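Peer 1: Sharing protein_6.txt (compact mmCIF, C-alpha atoms and all ligand atoms) below.
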```txt
# COMPACT_ATOMS: atom_id res chain seq x y z
CA MET I 1 -7.43 15.26 0.91
CA ALA I 2 -7.86 12.42 3.32
CA VAL I 3 -9.26 13.93 6.44
CA TYR I 4 -12.47 12.11 7.26
CA THR I 5 -12.50 13.21 10.90
CA GLU I 6 -11.77 16.72 12.13
CA ILE I 7 -10.15 17.29 15.52
CA SER I 8 -10.17 20.47 17.56
CA ASP I 9 -6.99 22.06 19.00
CA GLU I 10 -8.38 21.46 22.49
CA ALA I 11 -9.05 17.76 21.89
CA LEU I 12 -5.60 17.27 20.43
CA SER I 13 -3.81 19.19 23.18
CA GLY I 14 -5.68 17.11 25.78
CA PHE I 15 -4.75 13.91 23.92
CA LEU I 16 -1.08 14.90 23.87
CA GLU I 17 -1.05 15.31 27.64
CA SER I 18 -0.95 11.52 27.96
CA PHE I 19 2.26 11.39 25.89
CA ASP I 20 5.73 12.49 26.75
CA ILE I 21 6.38 14.27 23.45
CA GLY I 22 6.01 17.91 24.48
CA THR I 23 3.21 20.36 23.87
CA LEU I 24 1.38 21.12 20.65
CA VAL I 25 2.96 23.81 18.48
CA SER I 26 0.95 23.25 15.28
CA PHE I 27 -0.92 20.61 13.33
CA ARG I 28 -2.44 20.27 9.88
CA GLY I 29 -4.41 17.68 7.97
CA ILE I 30 -2.32 15.98 5.30
CA ALA I 31 -3.62 16.53 1.78
CA GLU I 32 -2.68 13.03 0.56
CA GLY I 33 -3.75 9.47 1.09
CA VAL I 34 -7.19 7.95 0.80
CA GLU I 35 -7.57 5.44 3.60
CA ASN I 36 -7.10 7.13 6.97
CA SER I 37 -7.10 10.65 8.39
CA ASN I 38 -3.51 11.81 8.80
CA PHE I 39 -2.26 14.91 10.56
CA GLN I 40 1.23 16.28 10.78
CA LEU I 41 1.92 17.38 14.36
CA ARG I 42 4.64 19.67 15.53
CA THR I 43 5.26 19.60 19.25
CA SER I 44 7.88 21.32 21.37
CA THR I 45 10.05 18.19 20.86
CA GLY I 46 9.69 17.58 17.11
CA ASP I 47 7.47 16.35 14.28
CA PHE I 48 5.06 13.41 14.42
CA ILE I 49 2.22 11.89 12.41
CA LEU I 50 -1.18 11.34 14.01
CA THR I 51 -3.36 8.76 12.24
CA LEU I 52 -7.05 8.22 12.90
CA TYR I 53 -7.99 4.85 11.43
CA GLU I 54 -11.04 5.02 9.24
CA LYS I 55 -12.21 2.82 6.43
CA ARG I 56 -10.74 -0.58 5.74
CA VAL I 57 -8.72 -1.00 8.90
CA ASN I 58 -10.08 -3.50 11.40
CA VAL I 59 -9.35 -2.20 14.89
CA GLN I 60 -8.56 -5.72 16.15
CA GLU I 61 -5.73 -5.88 13.64
CA LEU I 62 -4.07 -2.58 14.54
CA PRO I 63 -1.69 -4.18 17.06
CA TRP I 64 -0.47 -6.48 14.26
CA PHE I 65 0.35 -3.50 12.01
CA LEU I 66 1.99 -1.46 14.76
CA GLY I 67 3.96 -4.52 15.91
CA PHE I 68 5.06 -5.16 12.32
CA MET I 69 6.43 -1.61 12.01
CA GLN I 70 8.32 -2.04 15.27
CA HIS I 71 9.66 -5.40 14.16
CA LEU I 72 10.82 -4.07 10.78
CA ALA I 73 12.69 -1.22 12.46
CA SER I 74 14.38 -3.71 14.78
CA GLN I 75 15.59 -5.51 11.63
CA GLY I 76 16.97 -2.33 10.05
CA VAL I 77 14.05 -1.37 7.76
CA THR I 78 13.40 2.37 8.13
CA CYS I 79 9.71 3.04 8.72
CA PRO I 80 7.55 5.09 11.10
CA GLN I 81 7.57 3.95 14.70
CA PRO I 82 4.52 3.98 16.97
CA VAL I 83 4.96 6.32 19.92
CA ALA I 84 3.79 4.95 23.27
CA ASP I 85 1.92 7.09 25.78
CA ARG I 86 3.00 7.35 29.42
CA GLN I 87 1.21 4.03 30.12
CA GLY I 88 3.06 2.26 27.31
CA GLN I 89 0.02 2.19 24.98
CA THR I 90 0.53 2.89 21.28
CA LEU I 91 -3.10 2.43 20.26
CA ARG I 92 -5.48 5.04 21.66
CA THR I 93 -8.83 6.63 20.83
CA LEU I 94 -9.37 10.19 19.62
CA ALA I 95 -12.57 11.71 18.22
CA ASP I 96 -14.19 8.27 18.59
CA ARG I 97 -11.64 6.74 16.24
CA PRO I 98 -8.75 4.38 16.95
CA ALA I 99 -5.67 6.61 16.84
CA ALA I 100 -1.89 6.32 16.97
CA ILE I 101 1.03 8.71 16.87
CA THR I 102 4.05 7.62 14.86
CA THR I 103 7.43 9.16 14.25
CA PHE I 104 7.79 11.47 11.25
CA LEU I 105 9.90 10.02 8.46
CA PRO I 106 12.03 12.56 6.59
CA GLY I 107 12.01 12.35 2.81
CA VAL I 108 9.78 12.96 -0.18
CA TRP I 109 7.92 10.47 -2.33
CA PRO I 110 8.67 10.61 -6.06
CA ARG I 111 6.00 12.53 -7.93
CA GLU I 112 7.58 11.24 -11.13
CA VAL I 113 9.10 7.76 -11.10
CA ARG I 114 12.58 7.63 -12.64
CA LEU I 115 14.87 4.72 -13.41
CA GLU I 116 17.11 5.62 -10.45
CA HIS I 117 14.22 4.85 -8.06
CA CYS I 118 13.60 1.32 -9.26
CA ARG I 119 16.63 -0.62 -8.10
CA PRO I 120 16.57 0.84 -4.57
CA LEU I 121 12.84 0.11 -4.46
CA GLY I 122 13.45 -3.54 -5.36
CA ARG I 123 16.17 -3.84 -2.74
CA ALA I 124 14.01 -2.27 -0.04
CA LEU I 125 11.13 -4.59 -0.88
CA ALA I 126 13.33 -7.68 -0.61
CA GLN I 127 14.81 -6.39 2.67
CA LEU I 128 11.27 -5.97 4.00
CA HIS I 129 10.48 -9.56 2.98
CA LEU I 130 13.58 -10.94 4.70
CA ALA I 131 12.98 -8.84 7.82
CA GLY I 132 9.38 -10.06 7.90
CA GLN I 133 10.43 -13.71 8.12
CA SER I 134 10.99 -13.37 11.86
CA TYR I 135 7.59 -11.69 12.46
CA THR I 136 5.77 -14.93 12.83
CA GLN I 137 2.16 -14.00 13.47
CA GLU I 138 0.16 -14.24 10.27
CA ARG I 139 -2.42 -11.81 8.94
CA ALA I 140 -4.56 -13.06 6.06
CA ASN I 141 -4.84 -10.79 3.03
CA SER I 142 -8.38 -9.46 3.30
CA LEU I 143 -8.07 -8.04 -0.23
CA GLY I 144 -6.80 -11.25 -1.84
CA PRO I 145 -8.49 -13.17 -4.71
CA GLN I 146 -11.35 -14.37 -2.48
CA ALA I 147 -12.37 -10.72 -1.97
CA TRP I 148 -12.40 -9.59 -5.61
CA GLY I 149 -15.68 -11.19 -6.74
CA PRO I 150 -17.62 -9.85 -3.72
CA LEU I 151 -16.00 -6.43 -4.21
CA LEU I 152 -17.11 -6.30 -7.85
CA ALA I 153 -20.62 -7.38 -6.81
CA ALA I 154 -20.69 -4.70 -4.10
CA CYS I 155 -20.01 -2.07 -6.75
CA GLN I 156 -23.41 -2.86 -8.38
CA GLN I 157 -23.58 -3.60 -12.07
CA GLU I 158 -25.41 -0.46 -13.18
CA ARG I 159 -23.03 1.81 -11.31
CA VAL I 160 -20.02 0.02 -12.79
CA GLU I 161 -21.55 0.42 -16.24
CA ALA I 162 -21.96 4.13 -15.55
CA VAL I 163 -18.22 4.38 -14.96
CA GLN I 164 -17.53 2.76 -18.32
CA PRO I 165 -19.88 0.72 -20.51
CA GLY I 166 -18.73 -2.89 -20.72
CA LEU I 167 -16.55 -2.63 -17.62
CA GLN I 168 -18.57 -5.04 -15.49
CA ALA I 169 -18.42 -7.82 -18.11
CA GLU I 170 -14.71 -7.27 -18.77
CA LEU I 171 -13.84 -7.46 -15.08
CA ALA I 172 -16.04 -10.51 -14.52
CA ALA I 173 -14.34 -12.28 -17.46
CA ALA I 174 -10.87 -11.36 -16.21
CA LEU I 175 -11.75 -12.62 -12.72
CA ALA I 176 -12.97 -15.91 -14.15
CA HIS I 177 -9.54 -16.33 -15.68
CA ILE I 178 -7.34 -15.01 -12.84
CA VAL I 179 -8.85 -16.65 -9.77
CA PRO I 180 -8.59 -20.31 -10.95
CA ALA I 181 -5.02 -19.68 -12.14
CA TRP I 182 -3.94 -18.13 -8.83
CA PRO I 183 -1.03 -19.87 -7.07
CA GLY I 184 -2.31 -22.10 -4.29
CA HIS I 185 -5.85 -22.21 -5.73
CA GLU I 186 -7.33 -25.73 -5.68
CA GLY I 187 -4.20 -27.73 -6.28
CA ASN I 188 -2.10 -25.04 -8.02
CA ALA I 189 1.39 -24.95 -6.54
CA ALA I 190 1.86 -22.24 -3.94
CA LEU I 191 4.77 -19.76 -3.88
CA PRO I 192 7.08 -18.64 -1.06
CA ARG I 193 5.03 -16.73 1.50
CA GLY I 194 5.74 -14.20 4.19
CA GLN I 195 4.88 -10.70 5.34
CA ILE I 196 4.27 -8.32 2.45
CA HIS I 197 3.61 -4.57 2.32
CA ALA I 198 0.82 -4.98 -0.25
CA ASP I 199 0.55 -1.25 -1.10
CA LEU I 200 4.07 -0.16 -1.99
CA PHE I 201 3.08 2.64 -4.34
CA PRO I 202 5.35 5.64 -4.98
CA ASP I 203 3.51 7.67 -2.33
CA ASN I 204 4.59 5.14 0.29
CA VAL I 205 8.33 5.23 -0.51
CA PHE I 206 10.43 8.20 0.57
CA PHE I 207 13.70 9.37 -0.97
CA LEU I 208 16.20 11.87 0.39
CA ASP I 209 19.34 13.03 -1.44
CA HIS I 210 18.77 10.40 -4.16
CA GLU I 211 18.66 7.56 -1.61
CA LEU I 212 15.64 5.63 -0.46
CA SER I 213 15.03 6.93 3.06
CA GLY I 214 12.14 4.77 4.26
CA LEU I 215 8.76 3.12 3.72
CA ILE I 216 5.39 4.14 5.14
CA ASP I 217 1.77 3.04 5.29
CA PHE I 218 1.73 -0.56 6.44
CA TYR I 219 -2.03 -0.81 6.90
CA PHE I 220 -2.56 -3.29 4.05
CA ALA I 221 0.44 -5.42 5.08
CA CYS I 222 -0.41 -9.10 5.37
CA THR I 223 0.91 -12.62 4.95
CA ASP I 224 0.86 -13.60 1.30
CA PHE I 225 3.06 -14.60 -1.63
CA LEU I 226 6.22 -12.51 -1.59
CA ALA I 227 6.20 -12.22 -5.38
CA TYR I 228 2.74 -10.63 -5.23
CA ASP I 229 4.40 -7.57 -3.67
CA ILE I 230 6.64 -7.34 -6.75
CA ALA I 231 3.58 -7.64 -8.96
CA ILE I 232 1.99 -4.72 -7.08
CA CYS I 233 5.13 -2.65 -7.65
CA LEU I 234 5.19 -3.54 -11.37
CA ASN I 235 1.71 -2.04 -11.57
CA ALA I 236 2.37 1.01 -9.46
CA TRP I 237 5.89 1.96 -10.65
CA CYS I 238 6.44 0.59 -14.14
CA PHE I 239 3.89 2.28 -16.36
CA ASP I 240 4.68 5.59 -18.04
CA ALA I 241 2.23 8.47 -17.89
CA ASP I 242 0.85 7.50 -21.30
CA GLY I 243 0.08 3.99 -19.98
CA THR I 244 2.99 2.21 -21.70
CA PHE I 245 4.71 -0.50 -19.69
CA ASN I 246 8.32 0.45 -18.94
CA ALA I 247 10.34 -2.79 -19.13
CA GLU I 248 13.54 -1.00 -18.14
CA PHE I 249 11.98 0.14 -14.85
CA SER I 250 10.72 -3.38 -14.30
CA ARG I 251 14.13 -4.94 -15.00
CA HIS I 252 15.84 -2.58 -12.55
CA LEU I 253 13.20 -3.19 -9.92
CA VAL I 254 13.62 -6.96 -10.17
CA GLN I 255 17.43 -6.70 -10.30
CA GLY I 256 17.33 -4.66 -7.09
CA TYR I 257 15.07 -7.25 -5.51
CA GLU I 258 17.34 -10.10 -6.57
CA ASP I 259 20.41 -8.29 -5.19
CA VAL I 260 18.89 -9.23 -1.84
CA ARG I 261 16.55 -12.18 -2.48
CA PRO I 262 16.73 -14.18 -5.73
CA LEU I 263 13.37 -15.18 -7.18
CA THR I 264 12.53 -18.84 -7.70
CA GLU I 265 11.65 -20.09 -11.17
CA ALA I 266 8.07 -20.61 -10.02
CA GLU I 267 7.83 -16.97 -8.87
CA ARG I 268 9.07 -15.71 -12.25
CA HIS I 269 6.66 -17.98 -14.03
CA ALA I 270 3.72 -16.77 -11.93
CA MET I 271 4.42 -13.06 -12.48
CA PRO I 272 1.80 -12.48 -15.21
CA VAL I 273 -1.09 -13.86 -13.13
CA LEU I 274 0.17 -12.10 -9.99
CA ALA I 275 0.35 -8.81 -11.92
CA GLN I 276 -3.15 -9.37 -13.32
CA GLY I 277 -4.40 -9.93 -9.77
CA ALA I 278 -2.62 -6.85 -8.48
CA ALA I 279 -4.13 -4.68 -11.25
CA MET I 280 -7.54 -6.18 -10.47
CA ARG I 281 -7.23 -5.54 -6.72
CA PHE I 282 -6.42 -1.83 -7.12
CA LEU I 283 -8.92 -1.35 -9.90
CA LEU I 284 -11.66 -2.83 -7.70
CA THR I 285 -10.89 -0.91 -4.50
CA ARG I 286 -10.67 2.30 -6.52
CA LEU I 287 -13.93 1.45 -8.29
CA TYR I 288 -15.66 0.77 -4.98
CA ASP I 289 -14.39 4.07 -3.54
CA TRP I 290 -15.25 5.96 -6.74
CA ILE I 291 -18.84 4.78 -6.47
CA ASN I 292 -19.20 4.99 -2.68
CA THR I 293 -17.23 8.01 -1.47
CA PRO I 294 -19.71 10.19 0.42
CA ALA I 295 -20.37 13.61 -1.06
CA GLY I 296 -18.39 16.23 0.83
CA ALA I 297 -15.67 13.86 2.10
CA LEU I 298 -12.30 15.60 2.07
CA VAL I 299 -10.69 12.99 -0.11
CA THR I 300 -9.87 12.74 -3.80
CA PRO I 301 -10.83 9.24 -4.96
CA LYS I 302 -8.29 7.64 -7.29
CA ASN I 303 -9.31 6.84 -10.85
CA PRO I 304 -10.10 3.12 -11.25
CA LEU I 305 -9.79 3.29 -15.02
CA GLU I 306 -6.03 3.93 -14.78
CA TYR I 307 -5.79 0.24 -13.95
CA LEU I 308 -7.82 -1.11 -16.85
CA PRO I 309 -5.06 -0.79 -19.50
CA ARG I 310 -2.61 -2.25 -16.97
CA LEU I 311 -4.88 -5.23 -16.41
CA ARG I 312 -5.19 -5.70 -20.17
CA PHE I 313 -1.43 -5.47 -20.57
CA HIS I 314 -0.79 -8.16 -17.95
CA CYS I 315 -3.47 -10.42 -19.45
CA ALA I 316 -1.48 -10.38 -22.70
CA VAL I 317 1.89 -11.19 -21.07
CA GLU I 318 2.92 -14.84 -21.26
CA ASP I 319 5.98 -15.05 -19.04
CA GLY I 320 8.67 -13.08 -17.22
CA ARG I 321 10.20 -11.95 -20.54
CA GLY I 322 7.21 -9.62 -20.91
CA TYR I 323 8.50 -7.87 -17.82
CA GLY I 324 12.05 -7.53 -19.07
CA PHE I 325 13.55 -10.33 -16.96
N1 LIG F 1 5.49 8.72 9.21
C1 LIG F 1 5.34 9.64 8.25
N2 LIG F 1 6.32 10.55 8.06
C2 LIG F 1 6.16 11.53 7.14
N3 LIG F 1 5.06 11.70 6.37
C3 LIG F 1 4.07 10.81 6.52
C4 LIG F 1 4.15 9.75 7.45
N4 LIG F 1 3.00 9.04 7.37
C5 LIG F 1 2.24 9.64 6.44
N5 LIG F 1 2.87 10.71 5.92
C6 LIG F 1 2.34 11.61 4.89
O1 LIG F 1 0.96 11.42 4.80
C7 LIG F 1 0.58 11.01 3.46
C8 LIG F 1 -0.57 10.05 3.54
O2 LIG F 1 -0.18 8.93 4.33
P1 LIG F 1 -0.70 7.48 4.01
O3 LIG F 1 -0.22 6.61 5.11
O4 LIG F 1 -0.33 7.09 2.61
O5 LIG F 1 -2.25 7.69 4.11
P2 LIG F 1 -3.44 6.70 3.81
O6 LIG F 1 -3.19 5.45 4.56
O7 LIG F 1 -4.62 7.45 4.28
O8 LIG F 1 -3.50 6.48 2.34
C9 LIG F 1 1.85 10.44 2.88
O9 LIG F 1 1.90 10.52 1.48
C10 LIG F 1 2.91 11.33 3.52
O10 LIG F 1 3.03 12.54 2.82
N1 LIG F 2 -2.40 2.78 -3.25
C1 LIG F 2 -3.82 2.63 -3.43
C2 LIG F 2 -4.65 3.41 -2.46
C3 LIG F 2 -4.20 3.36 -1.03
O1 LIG F 2 -3.79 4.65 -0.74
P1 LIG F 2 -2.42 5.05 -0.03
O2 LIG F 2 -2.43 6.51 -0.10
O3 LIG F 2 -2.59 4.44 1.33
O4 LIG F 2 -1.27 4.44 -0.80
C4 LIG F 2 -4.22 3.06 -4.84
O5 LIG F 2 -3.46 3.79 -5.46
O6 LIG F 2 -5.31 2.67 -5.27
```
Step by step, read the file and then write its structure as structure tokens.
Ligand SMILES: Nc1ncnc2c1ncn2[C@@H]1O[C@H](COP(=O)(O)OP(=O)(O)O)[C@@H](O)[C@H]1O
Ligand SMILES: N[C@@H](CCOP(=O)(O)O)C(=O)O
Peer 2:
Amino acid sequence: MAVYTEISDEALSGFLESFDIGTLVSFRGIAEGVENSNFQLRTSTGDFILTLYEKRVNVQELPWFLGFMQHLASQGVTCPQPVADRQGQTLRTLADRPAAITTFLPGVWPREVRLEHCRPLGRALAQLHLAGQSYTQERANSLGPQAWGPLLAACQQERVEAVQPGLQAELAAALAHIVPAWPGHEGNAALPRGQIHADLFPDNVFFLDHELSGLIDFYFACTDFLAYDIAICLNAWCFDADGTFNAEFSRHLVQGYEDVRPLTEAERHAMPVLAQGAAMRFLLTRLYDWINTPAGALVTPKNPLEYLPRLRFHCAVEDGRGYGF
């Protein structure tokens, strides 16, 4: 459960007095997520989400994320909207943490990914990319290839080896292959860039009555290669429970994407290295959290080793045909 910071009823009721959203009826910590503390609030006017920003979020960047969510909504992408207080501020402080209230998005994320989810997912991702083109302020990807080596080093070799013998050497070797091959690296051709979600896992995509009802959790969003977002989705949505890659899911995802924004040949060609990088990024952040989560924190760290077979799979793929397109 991701509640790193507890809040009392009194503190929350006092906080709500600065907003025009009614009085507190109930609130509960949300037993999902790993990054921030999230609470579901019910007030006399409706449901809201309160987020206290914790780990990887840089407070200076919060206006960029909140502005991005507002911009996406203005372009027709359904996502939570920051709620302003009576002074017009969306970013506040509660329990010594940066805090924001956002609207509650109806829907449920798919506990089991099915084929019917994949095409709508691809379409929504491409719509997000097109909508992001008019949000012009850039935010560098702080978890891009330049961060992976330092992240592996920060995990400490002996602790990585304790997670799985040989893991440190395997990741170091994969990094030595992925980083020099990365688009835009030292003379490599770049790919189309723009605003990406960068964490569009099933738990960040809501469905209602078999339709995609909205996207949440924009706190890793950044300016990067658009196709990298597809590579993240290939990792997060297109492996069966037994670890087998599901090419049919992948094909539907990419078809949905291309219904809205056709891929360039260079993007298709780069998909294996982008998918390797995406597997590496989530493996490393999970590994870091696995090793560093403080005892007693109300959070369930995610298993880094789920991403090792995915990384190996992508390292063996030669071109887009490996992904079913
Ligand atoms: N705006 C929202 N509307 C409805 N539920 C939400 C909303 N934001 C978060 N949630 C719920 O909280 C959970 C955790 O949120 P998330 O943003 O993924 O947390 P974290 O950033 O800590 O990983 C989600 O899976 C969802 O159930
Ligand atoms: N999606 C990441 C972790 C980030 O958590 P989220 O709950 O914000 O999606 C992973 O699975 O490693």
Peer 1: Could you report the residues within 8 Å of ligand LIG 2 (chain F), using all atoms listed in the file, as number ranges by chain?
Peer 2: I: 32-36, 199-204, 217, 219, 236, 282-283, 285-286, 302, 304
Peer 1: Have a look at I:Val160, I:Met280, I:Val83, I:Cys238 and name the one nearest to ligand LIG 1 (chain F); count all atoms listed in the file.
Peer 2: I:Val83
Peer 1: Name the residues, by chain letter and number, that sit within 10 Å of ligand LIG 1 (chain F) using all atoms listed in the file, and give them as an mmCIF file with C-alpha atoms, keeping the file's coordinate frame.
Peer 2:
```cif
data_model
loop_
_atom_site.group_PDB
_atom_site.id
_atom_site.type_symbol
_atom_site.label_atom_id
_atom_site.label_comp_id
_atom_site.auth_asym_id
_atom_site.auth_seq_id
_atom_site.Cartn_x
_atom_site.Cartn_y
_atom_site.Cartn_z
ATOM 1 C CA MET I 1 -7.430 15.260 0.910
ATOM 2 C CA ALA I 2 -7.860 12.420 3.320
ATOM 3 C CA VAL I 3 -9.260 13.930 6.440
ATOM 4 C CA TYR I 4 -12.470 12.110 7.260
ATOM 5 C CA GLY I 29 -4.410 17.680 7.970
ATOM 6 C CA ILE I 30 -2.320 15.980 5.300
ATOM 7 C CA ALA I 31 -3.620 16.530 1.780
ATOM 8 C CA GLU I 32 -2.680 13.030 0.560
ATOM 9 C CA GLY I 33 -3.750 9.470 1.090
ATOM 10 C CA VAL I 34 -7.190 7.950 0.800
ATOM 11 C CA GLU I 35 -7.570 5.440 3.600
ATOM 12 C CA ASN I 36 -7.100 7.130 6.970
ATOM 13 C CA SER I 37 -7.100 10.650 8.390
ATOM 14 C CA ASN I 38 -3.510 11.810 8.800
ATOM 15 C CA PHE I 39 -2.260 14.910 10.560
ATOM 16 C CA GLN I 40 1.230 16.280 10.780
ATOM 17 C CA ASP I 47 7.470 16.350 14.280
ATOM 18 C CA PHE I 48 5.060 13.410 14.420
ATOM 19 C CA ILE I 49 2.220 11.890 12.410
ATOM 20 C CA LEU I 50 -1.180 11.340 14.010
ATOM 21 C CA THR I 51 -3.360 8.760 12.240
ATOM 22 C CA LEU I 52 -7.050 8.220 12.900
ATOM 23 C CA TYR I 53 -7.990 4.850 11.430
ATOM 24 C CA GLU I 54 -11.040 5.020 9.240
ATOM 25 C CA LYS I 55 -12.210 2.820 6.430
ATOM 26 C CA ARG I 56 -10.740 -0.580 5.740
ATOM 27 C CA VAL I 57 -8.720 -1.000 8.900
ATOM 28 C CA CYS I 79 9.710 3.040 8.720
ATOM 29 C CA PRO I 80 7.550 5.090 11.100
ATOM 30 C CA GLN I 81 7.570 3.950 14.700
ATOM 31 C CA PRO I 82 4.520 3.980 16.970
ATOM 32 C CA ILE I 101 1.030 8.710 16.870
ATOM 33 C CA THR I 102 4.050 7.620 14.860
ATOM 34 C CA THR I 103 7.430 9.160 14.250
ATOM 35 C CA PHE I 104 7.790 11.470 11.250
ATOM 36 C CA LEU I 105 9.900 10.020 8.460
ATOM 37 C CA PRO I 106 12.030 12.560 6.590
ATOM 38 C CA GLY I 107 12.010 12.350 2.810
ATOM 39 C CA VAL I 108 9.780 12.960 -0.180
ATOM 40 C CA TRP I 109 7.920 10.470 -2.330
ATOM 41 C CA ASP I 199 0.550 -1.250 -1.100
ATOM 42 C CA LEU I 200 4.070 -0.160 -1.990
ATOM 43 C CA PHE I 201 3.080 2.640 -4.340
ATOM 44 C CA PRO I 202 5.350 5.640 -4.980
ATOM 45 C CA ASP I 203 3.510 7.670 -2.330
ATOM 46 C CA ASN I 204 4.590 5.140 0.290
ATOM 47 C CA VAL I 205 8.330 5.230 -0.510
ATOM 48 C CA PHE I 206 10.430 8.200 0.570
ATOM 49 C CA GLY I 214 12.140 4.770 4.260
ATOM 50 C CA LEU I 215 8.760 3.120 3.720
ATOM 51 C CA ILE I 216 5.390 4.140 5.140
ATOM 52 C CA ASP I 217 1.770 3.040 5.290
ATOM 53 C CA PHE I 218 1.730 -0.560 6.440
ATOM 54 C CA TYR I 219 -2.030 -0.810 6.900
ATOM 55 C CA PHE I 220 -2.560 -3.290 4.050
ATOM 56 C CA VAL I 299 -10.690 12.990 -0.110
#
```
Peer 1: Counting all atoms listed in the file, which residues of range 140-196 of chain I sit at most 9 Å from some atom of range 222-234 of chain I, and what is each one's closest atom pair with its distance in Å to one decimal, listed by chain and rising residue number, as a tab-separated table?
Peer 2:
```
residue	atom	partner	partner_atom	distance
I:Ala140	CA	I:Thr223	CA	5.6
I:Asn141	CA	I:Cys222	CA	5.3
I:Ser142	CA	I:Cys222	CA	8.2
I:Gly144	CA	I:Asp224	CA	8.6
I:Pro183	CA	I:Phe225	CA	8.6
I:Ala190	CA	I:Phe225	CA	8.1
I:Leu191	CA	I:Phe225	CA	5.9
I:Pro192	CA	I:Phe225	CA	5.7
I:Arg193	CA	I:Phe225	CA	4.3
I:Gly194	CA	I:Thr223	CA	5.1
I:Gln195	CA	I:Thr223	CA	4.4
I:Ile196	CA	I:Cys222	CA	5.6
```
Peer 1: Using only C-alpha atoms, list the residues that have an atom at most 10 Å from (8.4, 15.9, 26.0), coordinates as in the file, as JSON, numbers by chain.
Peer 2: {"I": [16, 17, 19, 20, 21, 22, 23, 43, 44, 45, 46]}
Peer 1: Go through I:Thr293, I:Ser13, I:Gln127, I:Thr93 one by one, measure the shortest atom-to-atom distance of each to Val260 in chain I using only C-alpha atoms, and give the residue with the smallest value.
Peer 2: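 Nearest candidate to Val260 in chain I out of I:Thr293, I:Ser13, I:Gln127, I:Thr93: I:Gln127.
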Peer 1: Tell me which of I:Val273, I:Ala172, I:Ala247, I:Val163 sits closest to Trp290 in chain I, counting all atoms listed in the file.
Peer 2: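 Checking each of I:Val273, I:Ala172, I:Ala247, I:Val163 against Trp290 in chain I, counting all atoms listed in the file, the winner is I:Val163.
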Peer 1: Please determine, counting only C-alpha atoms, which residue among I:Ala84, I:Leu208, I:Ala169, I:Ala100 has the shortest atom-to-atom distance to Phe65 in chain I.
Peer 2: I:Ala100
Peer 1: Taking only C-alpha atoms into account, which of I:Glu306, I:Asp209, I:Glu116, I:Glu158 comes nearest Glu248 in chain I?
Peer 2: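 Selected residue with least distance to Glu248 in chain I: I:Glu116.
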Peer 1: Record the distance separating CA of Ser134 in chain I and CA of Ala270 in chain I, expressed in Å with one decimal.
Peer 2: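 One can read the CA of Ser134 in chain I to CA of Ala270 in chain I distance as 25.1 Å.
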Peer 1: Could you please determine the separation between CA of Tyr307 in chain I and CA of Glu267 in chain I in Å, to one decimal place?
Peer 2: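 Separation of CA of Tyr307 in chain I and CA of Glu267 in chain I: 22.5 Å.
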Peer 1: Let me make sure I understand: among I:Leu41, I:Cys315, I:Val59, I:Leu94, which one has the smallest atom-to-atom distance to Leu171 in chain I if we use only C-alpha atoms?
Peer 2: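 So, comparing all the options, the nearest one is I:Cys315.
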